[in-house]
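Trainee: Enclosed is the structure file my_file19.cif (mmCIF, C-alpha atoms).
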data_data
loop_
_atom_site.label_atom_id
_atom_site.label_comp_id
_atom_site.auth_asym_id
_atom_site.auth_seq_id
_atom_site.Cartn_x
_atom_site.Cartn_y
_atom_site.Cartn_z
CA MET A 160 -45.93 54.17 2.02
CA PHE A 161 -42.25 55.10 2.04
CA ALA A 162 -41.40 51.41 1.74
CA PHE A 163 -42.90 51.42 -1.76
CA ILE A 164 -41.08 54.63 -2.71
CA GLU A 165 -37.85 53.17 -1.37
CA GLU A 166 -38.21 50.04 -3.51
CA CYS A 167 -38.93 52.21 -6.55
CA ILE A 168 -35.77 54.17 -5.87
CA LYS A 169 -33.79 50.91 -5.62
CA ALA A 170 -35.20 49.77 -8.96
CA ASN A 171 -34.34 53.07 -10.60
CA LYS A 172 -30.84 52.97 -9.13
CA GLU A 173 -30.25 49.52 -10.65
CA ILE A 174 -31.51 50.74 -14.04
CA TYR A 175 -29.41 53.92 -13.81
CA GLU A 176 -26.26 51.95 -12.97
CA HIS A 177 -26.88 49.51 -15.83
CA ILE A 178 -27.28 52.38 -18.30
CA ASN A 179 -24.17 54.18 -17.10
CA PHE A 180 -21.84 51.25 -16.49
CA ASN A 181 -23.14 47.99 -17.98
CA LEU A 182 -24.90 48.70 -21.27
CA LYS A 183 -24.72 45.92 -23.84
CA PRO A 184 -25.25 46.11 -27.62
CA GLU A 185 -28.41 44.00 -27.33
CA ASP A 186 -30.00 46.64 -25.08
CA PHE A 187 -30.43 48.77 -28.22
CA SER A 188 -32.14 46.06 -30.27
CA TYR A 189 -35.88 45.54 -30.66
CA HIS A 190 -37.50 42.50 -29.12
CA GLY A 191 -39.76 41.98 -32.14
CA LYS A 192 -43.06 42.25 -30.29
CA ILE A 193 -45.50 45.13 -29.82
CA GLY A 194 -45.92 46.11 -26.18
CA ALA A 195 -49.23 46.71 -24.41
CA GLY A 196 -48.79 50.44 -25.04
CA GLY A 197 -48.77 49.90 -28.82
CA ASP A 198 -45.05 50.50 -29.48
CA LYS A 199 -42.27 48.09 -30.38
CA SER A 200 -40.34 47.04 -27.29
CA LEU A 201 -36.61 47.51 -26.97
CA GLN A 202 -34.62 44.93 -25.08
CA MET A 203 -33.86 47.77 -22.68
CA ASP A 204 -37.60 48.31 -22.14
CA LEU A 205 -37.90 44.67 -21.10
CA ARG A 206 -34.80 44.82 -18.92
CA CYS A 207 -36.22 47.81 -17.05
CA GLU A 208 -39.57 46.05 -16.72
CA SER A 209 -37.99 42.94 -15.18
CA ILE A 210 -36.14 45.11 -12.65
CA PHE A 211 -39.35 46.84 -11.57
CA VAL A 212 -41.16 43.50 -11.29
CA LYS A 213 -38.37 42.22 -9.05
CA TYR A 214 -38.69 45.14 -6.63
CA LEU A 215 -42.43 45.85 -6.75
CA SER A 216 -44.26 42.53 -7.22
CA SER A 217 -44.71 42.08 -3.46
CA PHE A 218 -46.89 45.24 -3.38
CA GLY A 219 -49.56 44.18 -5.88
CA ASN A 220 -50.40 43.41 -9.49
CA ILE A 221 -48.45 45.27 -12.14
CA TYR A 222 -49.70 46.80 -15.38
CA SER A 223 -46.75 47.54 -17.66
CA GLU A 224 -46.49 49.34 -20.98
CA GLU A 225 -44.54 46.35 -22.28
CA ALA A 226 -46.06 43.11 -20.94
CA GLY A 227 -49.48 44.45 -19.99
CA PHE A 228 -51.07 42.88 -16.91
CA ILE A 229 -48.66 40.97 -14.65
CA GLU A 230 -50.41 39.10 -11.86
CA THR A 231 -48.33 38.68 -8.71
CA SER A 232 -48.52 35.95 -6.10
CA ASN A 233 -49.35 38.30 -3.23
CA THR A 234 -53.03 37.59 -2.50
CA ASN A 235 -53.10 40.26 0.24
CA HIS A 236 -52.87 43.07 -2.32
CA LYS A 237 -55.24 42.02 -5.09
CA ASN A 238 -56.96 45.42 -5.02
CA ILE A 239 -53.65 47.17 -5.75
CA LYS A 240 -52.62 48.13 -9.28
CA ILE A 241 -49.11 49.33 -10.07
CA THR A 242 -48.89 51.02 -13.48
CA ILE A 243 -45.39 51.36 -14.90
CA ASP A 244 -43.67 52.84 -17.91
CA PRO A 245 -40.35 51.00 -17.56
CA LEU A 246 -38.53 53.36 -19.95
CA ASP A 247 -40.24 56.66 -20.69
CA GLY A 248 -38.62 58.06 -23.84
CA SER A 249 -37.33 54.79 -25.32
CA GLU A 250 -36.52 56.41 -28.67
CA ASN A 251 -34.49 59.07 -26.87
CA PHE A 252 -32.51 56.30 -25.15
CA LEU A 253 -32.04 54.54 -28.48
CA SER A 254 -30.75 57.75 -30.07
CA SER A 255 -28.55 58.74 -27.09
CA PHE A 256 -30.68 61.85 -26.57
CA PRO A 257 -30.34 62.64 -22.84
CA TYR A 258 -33.98 62.89 -21.83
CA TYR A 259 -35.64 59.70 -20.61
CA GLY A 260 -36.79 58.12 -17.38
CA THR A 261 -39.29 55.82 -15.70
CA ALA A 262 -42.79 56.22 -14.25
CA VAL A 263 -44.63 54.27 -11.55
CA ALA A 264 -48.14 54.82 -10.16
CA TYR A 265 -49.51 52.94 -7.14
CA GLU A 266 -53.29 52.91 -6.81
CA ASP A 267 -56.04 51.20 -4.88
CA GLU A 268 -59.80 51.17 -5.45
CA SER A 269 -60.04 54.87 -4.52
CA GLY A 270 -57.37 56.08 -6.95
CA VAL A 271 -53.66 56.83 -7.24
CA LYS A 272 -51.90 57.05 -3.88
CA ILE A 273 -48.29 57.34 -5.02
CA GLY A 274 -46.72 58.65 -8.22
CA ILE A 275 -42.99 58.34 -8.86
CA VAL A 276 -41.07 59.53 -11.91
CA CYS A 277 -37.30 59.23 -12.27
CA ASN A 278 -35.01 61.16 -14.60
CA LEU A 279 -32.43 58.55 -15.64
CA ILE A 280 -30.01 61.23 -16.84
CA ASN A 281 -29.49 63.14 -13.58
CA GLY A 282 -30.76 60.44 -11.20
CA LEU A 283 -33.46 62.59 -9.62
CA VAL A 284 -36.70 60.98 -8.41
CA TYR A 285 -39.88 63.09 -8.25
CA THR A 286 -42.80 62.19 -5.99
CA LYS A 287 -44.90 63.53 -3.09
CA ASN A 288 -44.58 63.02 0.64
CA GLU A 289 -47.33 62.09 3.10
CA GLU A 290 -48.33 65.77 3.33
CA LYS A 291 -48.92 65.72 -0.49
CA LEU A 292 -46.04 68.13 -1.06
CA GLN A 293 -43.75 67.60 -4.04
CA ILE A 294 -40.40 66.19 -3.04
CA THR A 295 -37.25 65.16 -4.87
CA TYR A 296 -34.89 62.31 -3.96
CA ASP A 297 -31.56 61.18 -5.29
CA LEU A 298 -30.90 57.50 -6.01
CA ASN A 299 -29.64 56.95 -2.47
CA ALA A 300 -33.05 58.02 -1.12
CA ASN A 301 -31.70 61.34 0.16
CA ILE A 302 -33.92 64.41 -0.12
CA VAL A 303 -32.55 66.89 -2.67
CA ASP A 304 -32.56 70.63 -2.00
CA ASP A 305 -33.94 71.85 -5.31
CA LYS A 306 -32.04 75.06 -6.07
CA VAL A 307 -33.30 75.20 -9.67
CA LEU A 308 -36.93 75.27 -8.55
CA GLN A 309 -36.21 77.88 -5.91
CA CYS A 310 -34.95 80.38 -8.50
CA GLY A 311 -38.45 80.56 -9.96
CA GLU A 312 -37.33 81.15 -13.56
CA THR A 313 -39.39 79.59 -16.38
CA LYS A 314 -38.31 80.56 -19.87
CA PHE A 315 -40.35 78.11 -21.97
CA GLY A 316 -42.97 75.38 -21.97
CA ILE A 317 -43.07 71.80 -23.22
CA PHE A 318 -45.27 70.68 -26.11
CA GLU A 319 -44.86 66.94 -26.51
CA ARG A 320 -45.51 65.56 -30.01
CA SER A 321 -45.59 69.10 -31.44
CA TYR A 322 -44.21 67.78 -34.73
CA PHE A 323 -47.60 66.18 -35.41
CA PHE A 324 -49.45 69.47 -34.93
CA PRO A 325 -47.82 72.33 -36.88
CA GLU A 326 -50.99 74.44 -36.70
CA ILE A 327 -50.90 74.43 -32.92
CA SER A 328 -47.17 75.13 -32.95
CA LEU A 329 -47.77 78.21 -35.07
CA LYS A 330 -50.50 79.42 -32.71
CA LEU A 331 -48.11 79.11 -29.78
CA ARG A 332 -45.43 81.00 -31.70
CA ASP A 333 -47.85 83.76 -32.66
CA ASN A 334 -48.78 84.13 -29.00
CA LYS A 335 -45.10 84.29 -27.97
CA LEU A 336 -45.26 81.01 -26.07
CA LYS A 337 -41.84 79.39 -26.45
CA PHE A 338 -41.67 75.61 -26.16
CA ARG A 339 -39.56 72.47 -26.60
CA SER A 340 -40.61 68.91 -27.54
CA PRO A 341 -38.15 66.56 -25.80
CA GLY A 342 -40.06 63.29 -26.15
CA ALA A 343 -40.61 61.76 -22.70
CA VAL A 344 -44.20 62.49 -21.65
CA ALA A 345 -44.18 61.25 -18.05
CA LEU A 346 -40.94 63.05 -17.29
CA SER A 347 -42.20 66.29 -18.84
CA PHE A 348 -45.43 66.35 -16.83
CA ALA A 349 -43.73 65.28 -13.60
CA CYS A 350 -41.42 68.29 -14.02
CA ALA A 351 -44.19 70.71 -15.02
CA LYS A 352 -43.24 72.92 -12.06
CA TYR A 353 -40.02 73.83 -13.89
CA TYR A 354 -41.76 75.04 -17.07
CA SER A 355 -44.31 77.70 -17.99
CA PHE A 356 -46.61 74.91 -19.25
CA VAL A 357 -46.64 71.29 -20.43
CA LEU A 358 -48.97 70.36 -23.29
CA PHE A 359 -49.73 67.00 -24.87
CA TYR A 360 -52.03 66.58 -27.84
CA GLY A 361 -53.06 63.15 -29.18
CA ASN A 362 -53.64 59.66 -27.81
CA ILE A 363 -53.31 59.89 -24.02
CA ARG A 364 -52.14 56.62 -22.41
CA GLU A 365 -52.24 55.90 -18.70
CA PHE A 366 -48.62 54.69 -18.72
CA ASP A 367 -47.55 58.19 -19.76
CA ILE A 368 -49.57 60.31 -17.37
CA LYS A 369 -50.88 58.42 -14.34
CA ALA A 370 -47.82 58.86 -12.11
CA ALA A 371 -46.94 62.32 -13.41
CA LEU A 372 -50.44 63.75 -12.96
CA TYR A 373 -50.42 62.67 -9.32
CA ILE A 374 -47.14 64.53 -8.83
CA CYS A 375 -48.37 67.77 -10.43
CA ASN A 376 -52.02 67.62 -9.33
CA ASP A 377 -51.65 70.84 -7.33
CA LEU A 378 -51.04 72.80 -10.55
CA TYR A 379 -53.66 73.99 -13.06
CA ILE A 380 -54.81 71.01 -15.16
CA TYR A 381 -57.07 70.76 -18.19
CA GLN A 382 -57.76 67.35 -19.73
CA THR A 383 -59.97 66.04 -22.53
CA LYS A 384 -59.80 62.84 -24.59
CA GLU A 385 -56.95 64.25 -26.67
CA ILE A 386 -55.59 67.25 -24.78
CA LEU A 387 -53.63 67.43 -21.55
CA LEU A 388 -52.44 70.82 -20.34
CA VAL A 389 -50.66 71.56 -17.07
CA SER A 390 -49.27 74.87 -15.84
CA LYS A 391 -48.28 76.51 -12.57
CA ASN A 392 -49.08 79.91 -14.09
CA LYS A 393 -52.80 80.73 -14.07
CA GLU A 394 -52.51 83.42 -16.75
CA ILE A 395 -50.63 81.16 -19.18
CA PHE A 396 -52.95 78.26 -18.37
CA CYS A 397 -56.09 80.25 -19.19
CA LYS A 398 -54.53 81.71 -22.31
CA LEU A 399 -53.58 78.28 -23.63
CA LYS A 400 -56.87 76.68 -22.67
CA ASN A 401 -58.83 79.36 -24.52
CA LEU A 402 -56.47 79.06 -27.48
CA LEU A 403 -57.01 75.32 -27.71
CA ASN A 404 -60.79 75.53 -27.38
CA ASN A 405 -61.90 78.75 -29.03
CA ASN A 406 -59.69 78.46 -32.07
CA ARG A 407 -60.67 74.81 -32.66
CA LEU A 408 -57.14 73.73 -33.39
#
Show me the file's structure as structure tokens.
Mentor:
Amino acid sequence: MFAFIEECIKANKEIYEHINFNLKPEDFSYHGKIGAGGDKSLQMDLRCESIFVKYLSSFGNIYSEEAGFIETSNTNHKNIKITIDPLDGSENFLSSFPYYGTAVAYEDESGVKIGIVCNLINGLVYTKNEEKLQITYDLNANIVDDKVLQCGETKFGIFERSYFFPEISLKLRDNKLKFRSPGAVALSFACAKYYSFVLFYGNIREFDIKAALYICNDLYIYQTKEILLVSKNKEIFCKLKNLLNNNRL
């Protein structure tokens, strides 16, 4: 399946180069329609979507956060569904906050087979190889030697949308669990291996988590209708899980 990963990398490279060298004022304007994910679509969201469709439509039907279901002409792959978040962290992009990316999940009738998340700030692409081991590429499809991960240091966790849940934030503070809330859900979960934990509380959408959960599925995961918790640290994972359940936050 490296052919699919390679095409995803090409799509992300085109998006990355547009953002860094060819941005236009209209990229920051809203299209005026509500996307399939429930948010207003930026012109940049739609630009990213069209780039992914160009590179990935030969692999199967596409389900995008912006346009919804996009049926392709390839009848040989009708059982394939490609779920994409063309611009994860759109509001960060709009505000020039350097934390946003893209997410792509490839699945057949038995489930997700490939998950790919790209950080559009540093150009790193996170996925898994055929041995189901996490692997990082650059935008030239070269494998990256991840020195940051090798150091093993994790100073804080990620709590996406924490501003909606001050009670939970206080519980984390009281339990000396430091966190940030950067605002790009797929990117945060795909990079869960770098943090002490990643927590999301609220409406969980498949665009946000499908690719990322495949990437981090070897970590500790707890999921309900409104909670998603991932951690590489069993002690922190159990502590947070009990905190979320027993205290009825």
Trainee: Env of Asp367 of chain A: 7 Å cut, atoms = all atoms listed in the file, seq-sep filter 6 positions within chain, self excluded. Answer as a PyMOL selection string.
Mentor: chain A and resi 244+344-345
Trainee: Residues of segment 238-353 of chain A that have any atom at most 12 Å from an atom of segment 172-183 of chain A: could you tabulate them with the shortest-distance atom pair and the distance in Å to one decimal, using all atoms listed in the file, ordered by chain and increasing number, as JSON lines?
Mentor:
{"residue": "A:Pro245", "atom": "CA", "partner": "A:Ile174", "partner_atom": "CA", "distance": 9.5}
{"residue": "A:Leu246", "atom": "CA", "partner": "A:Ile174", "partner_atom": "CA", "distance": 9.5}
{"residue": "A:Phe252", "atom": "CA", "partner": "A:Ile178", "partner_atom": "CA", "distance": 9.5}
{"residue": "A:Leu253", "atom": "CA", "partner": "A:Ile178", "partner_atom": "CA", "distance": 11.4}
{"residue": "A:Ser255", "atom": "CA", "partner": "A:Ile178", "partner_atom": "CA", "distance": 10.9}
{"residue": "A:Pro257", "atom": "CA", "partner": "A:Ile178", "partner_atom": "CA", "distance": 11.6}
{"residue": "A:Tyr259", "atom": "CA", "partner": "A:Tyr175", "partner_atom": "CA", "distance": 10.9}
{"residue": "A:Gly260", "atom": "CA", "partner": "A:Tyr175", "partner_atom": "CA", "distance": 9.2}
{"residue": "A:Thr261", "atom": "CA", "partner": "A:Ile174", "partner_atom": "CA", "distance": 9.4}
{"residue": "A:Cys277", "atom": "CA", "partner": "A:Lys172", "partner_atom": "CA", "distance": 9.5}
{"residue": "A:Asn278", "atom": "CA", "partner": "A:Tyr175", "partner_atom": "CA", "distance": 9.2}
{"residue": "A:Leu279", "atom": "CA", "partner": "A:Tyr175", "partner_atom": "CA", "distance": 5.8}
{"residue": "A:Ile280", "atom": "CA", "partner": "A:Tyr175", "partner_atom": "CA", "distance": 7.9}
{"residue": "A:Asn281", "atom": "CA", "partner": "A:Tyr175", "partner_atom": "CA", "distance": 9.2}
{"residue": "A:Gly282", "atom": "CA", "partner": "A:Tyr175", "partner_atom": "CA", "distance": 7.2}
{"residue": "A:Leu283", "atom": "CA", "partner": "A:Lys172", "partner_atom": "CA", "distance": 10.0}
{"residue": "A:Val284", "atom": "CA", "partner": "A:Lys172", "partner_atom": "CA", "distance": 10.0}
{"residue": "A:Tyr296", "atom": "CA", "partner": "A:Lys172", "partner_atom": "CA", "distance": 11.4}
{"residue": "A:Asp297", "atom": "CA", "partner": "A:Lys172", "partner_atom": "CA", "distance": 9.1}
{"residue": "A:Leu298", "atom": "CA", "partner": "A:Lys172", "partner_atom": "CA", "distance": 5.5}
{"residue": "A:Asn299", "atom": "CA", "partner": "A:Lys172", "partner_atom": "CA", "distance": 7.9}
{"residue": "A:Ala300", "atom": "CA", "partner": "A:Lys172", "partner_atom": "CA", "distance": 9.7}
Trainee: Would you mind exporting C-alpha atoms of the selected residues as a CSV table (one decimal), keeping the file's coordinate frame?
Mentor:
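Ended up saving to part-v2.csv:
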chain,number,residue,atom,x,y,z
A,245,PRO,CA,-40.4,51.0,-17.6
A,246,LEU,CA,-38.5,53.4,-20.0
A,252,PHE,CA,-32.5,56.3,-25.2
A,253,LEU,CA,-32.0,54.5,-28.5
A,255,SER,CA,-28.6,58.7,-27.1
A,257,PRO,CA,-30.3,62.6,-22.8
A,259,TYR,CA,-35.6,59.7,-20.6
A,260,GLY,CA,-36.8,58.1,-17.4
A,261,THR,CA,-39.3,55.8,-15.7
A,277,CYS,CA,-37.3,59.2,-12.3
A,278,ASN,CA,-35.0,61.2,-14.6
A,279,LEU,CA,-32.4,58.6,-15.6
A,280,ILE,CA,-30.0,61.2,-16.8
A,281,ASN,CA,-29.5,63.1,-13.6
A,282,GLY,CA,-30.8,60.4,-11.2
A,283,LEU,CA,-33.5,62.6,-9.6
A,284,VAL,CA,-36.7,61.0,-8.4
A,296,TYR,CA,-34.9,62.3,-4.0
A,297,ASP,CA,-31.6,61.2,-5.3
A,298,LEU,CA,-30.9,57.5,-6.0
A,299,ASN,CA,-29.6,57.0,-2.5
A,300,ALA,CA,-33.0,58.0,-1.1
Trainee: For the provided coordinates, the residues matched by the PyMOL selection byres ((chain A and resi 187) around 10) should be stated as a list of chain:residue names.
Mentor: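 Those residues are A:Leu182, A:Lys183, A:Pro184, A:Glu185, A:Asp186, A:Ser188, A:Tyr189, A:His190, A:Leu201, A:Gln202, A:Met203, A:Asp204, A:Ser249, A:Glu250, A:Phe252, A:Leu253, A:Ser254.
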Trainee: Give the answer as one residue: which of A:Leu372, A:Ile294, A:Leu358, A:Ile241 has the shortest atom-to-atom distance to Phe324 of chain A, using all atoms listed in the file?
Mentor: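 Distance minimum relative to Phe324 of chain A lands on A:Leu358.
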Trainee: For this structure, which residues satisfy the selection - the PyMOL selection byres ((chain A and resi 275) around 7) - when it is evaluated on the file as given? I want them as a ChimeraX atom specification.
Mentor: /A:262-264,273-274,276-277,284-286,370
Trainee: Please measure the separation of atom CA of Leu292 of chain A and atom CA of Leu387 of chain A, giving the value in Å to one decimal.
Mentor: 21.9 Å
Trainee: For a quick check of understanding, using all atoms listed in the file, which of A:Lys352, A:Lys272, A:Lys240, A:Lys291 has the smallest distance to Thr313 of chain A?
Mentor: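 Between A:Lys352, A:Lys272, A:Lys240, A:Lys291, the residue approaching Thr313 of chain A most closely is A:Lys352.
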Trainee: So that I can check the surroundings of segment 211-218 of chain A, please list as a ChimeraX atom specification every protein, DNA and RNA residue that reaches within 8 Å of it, counting all atoms listed in the file and ignoring chain neighbours fewer than 2 positions away.
Mentor: /A:163,166-167,169-170,207-209,220-221,231-233,236,239,245
Trainee: Give as a PyMOL selection string the residues that the PyMOL selection byres ((chain A and resi 388) around 12) matches when applied to the coordinates above.
Mentor: chain A and resi 316-319+344+347-348+351+354-361+363+368+372+375-376+378-387+389-393+395-404
Trainee: Rounded to one decimal in Å, what is the spacing between atom CA of Glu224 of chain A and atom CA of Phe366 of chain A?
Mentor: 6.2 Å
Trainee: From the list A:Ser328, A:Ile243, A:Tyr373, A:Cys350, which residue is nearest Gly270 of chain A when using only C-alpha atoms?
Mentor: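 Using only C-alpha atoms, Gly270 of chain A sits closest to A:Tyr373.
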Trainee: What is the distance between atom CA of Ser321 of chain A and atom CA of Ser200 of chain A, in Å to one decimal?
Mentor: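 Going from atom CA of Ser321 of chain A over to atom CA of Ser200 of chain A, I get 23.1 Å.
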Trainee: Pop segment 320-376 of chain A out of the structure in the block and write C-alpha atoms as a PDB file, in the first residue's frame.
Mentor:
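The result, written out as part07.pdb:
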ATOM      1  CA  ARG A 320     -11.230  21.873  23.479  1.00  0.00           C
ATOM      2  CA  SER A 321     -10.294  22.344  27.146  1.00  0.00           C
ATOM      3  CA  TYR A 322     -11.771  25.853  27.054  1.00  0.00           C
ATOM      4  CA  PHE A 323     -15.243  24.289  26.939  1.00  0.00           C
ATOM      5  CA  PHE A 324     -14.618  22.225  30.072  1.00  0.00           C
ATOM      6  CA  PRO A 325     -13.128  24.328  32.902  1.00  0.00           C
ATOM      7  CA  GLU A 326     -14.152  21.751  35.527  1.00  0.00           C
ATOM      8  CA  ILE A 327     -12.066  19.074  33.855  1.00  0.00           C
ATOM      9  CA  SER A 328      -9.191  21.508  33.411  1.00  0.00           C
ATOM     10  CA  LEU A 329      -9.204  22.208  37.140  1.00  0.00           C
ATOM     11  CA  LYS A 330      -9.206  18.479  37.925  1.00  0.00           C
ATOM     12  CA  LEU A 331      -6.150  18.013  35.717  1.00  0.00           C
ATOM     13  CA  ARG A 332      -4.421  20.940  37.403  1.00  0.00           C
ATOM     14  CA  ASP A 333      -5.216  19.613  40.866  1.00  0.00           C
ATOM     15  CA  ASN A 334      -3.704  16.275  39.867  1.00  0.00           C
ATOM     16  CA  LYS A 335      -0.560  17.986  38.521  1.00  0.00           C
ATOM     17  CA  LEU A 336      -1.281  16.970  34.929  1.00  0.00           C
ATOM     18  CA  LYS A 337       0.045  19.780  32.739  1.00  0.00           C
ATOM     19  CA  PHE A 338      -1.557  20.230  29.332  1.00  0.00           C
ATOM     20  CA  ARG A 339      -1.907  22.415  26.237  1.00  0.00           C
ATOM     21  CA  SER A 340      -4.896  22.898  23.893  1.00  0.00           C
ATOM     22  CA  PRO A 341      -3.451  23.631  20.430  1.00  0.00           C
ATOM     23  CA  GLY A 342      -6.576  23.069  18.323  1.00  0.00           C
ATOM     24  CA  ALA A 343      -5.857  20.410  15.677  1.00  0.00           C
ATOM     25  CA  VAL A 344      -7.379  17.134  16.863  1.00  0.00           C
ATOM     26  CA  ALA A 345      -6.056  14.713  14.242  1.00  0.00           C
ATOM     27  CA  LEU A 346      -2.540  16.083  14.534  1.00  0.00           C
ATOM     28  CA  SER A 347      -2.617  15.897  18.338  1.00  0.00           C
ATOM     29  CA  PHE A 348      -3.719  12.250  18.435  1.00  0.00           C
ATOM     30  CA  ALA A 349      -1.354  11.212  15.644  1.00  0.00           C
ATOM     31  CA  CYS A 350       1.489  12.647  17.742  1.00  0.00           C
ATOM     32  CA  ALA A 351       0.266  11.157  21.035  1.00  0.00           C
ATOM     33  CA  LYS A 352       3.589   9.334  21.377  1.00  0.00           C
ATOM     34  CA  TYR A 353       5.261  12.700  22.036  1.00  0.00           C
ATOM     35  CA  TYR A 354       2.968  13.658  24.937  1.00  0.00           C
ATOM     36  CA  SER A 355       2.065  12.226  28.332  1.00  0.00           C
ATOM     37  CA  PHE A 356      -1.571  11.984  27.142  1.00  0.00           C
ATOM     38  CA  VAL A 357      -4.023  13.345  24.570  1.00  0.00           C
ATOM     39  CA  LEU A 358      -7.610  13.975  25.663  1.00  0.00           C
ATOM     40  CA  PHE A 359     -10.645  15.095  23.688  1.00  0.00           C
ATOM     41  CA  TYR A 360     -14.011  15.751  25.265  1.00  0.00           C
ATOM     42  CA  GLY A 361     -17.135  16.525  23.196  1.00  0.00           C
ATOM     43  CA  ASN A 362     -18.531  15.642  19.776  1.00  0.00           C
ATOM     44  CA  ILE A 363     -16.164  13.083  18.247  1.00  0.00           C
ATOM     45  CA  ARG A 364     -16.122  13.171  14.416  1.00  0.00           C
ATOM     46  CA  GLU A 365     -14.556  10.520  12.225  1.00  0.00           C
ATOM     47  CA  PHE A 366     -12.701  13.149  10.175  1.00  0.00           C
ATOM     48  CA  ASP A 367     -10.795  14.121  13.316  1.00  0.00           C
ATOM     49  CA  ILE A 368      -9.835  10.723  14.672  1.00  0.00           C
ATOM     50  CA  LYS A 369     -10.036   7.914  12.115  1.00  0.00           C
ATOM     51  CA  ALA A 370      -6.536   8.294  10.654  1.00  0.00           C
ATOM     52  CA  ALA A 371      -4.918   9.335  13.936  1.00  0.00           C
ATOM     53  CA  LEU A 372      -6.353   6.447  15.950  1.00  0.00           C
ATOM     54  CA  TYR A 373      -4.921   3.979  13.453  1.00  0.00           C
ATOM     55  CA  ILE A 374      -1.501   5.561  13.900  1.00  0.00           C
ATOM     56  CA  CYS A 375      -1.589   5.436  17.719  1.00  0.00           C
ATOM     57  CA  ASN A 376      -3.563   2.193  18.152  1.00  0.00           C
TER      58      ASN A 376
END
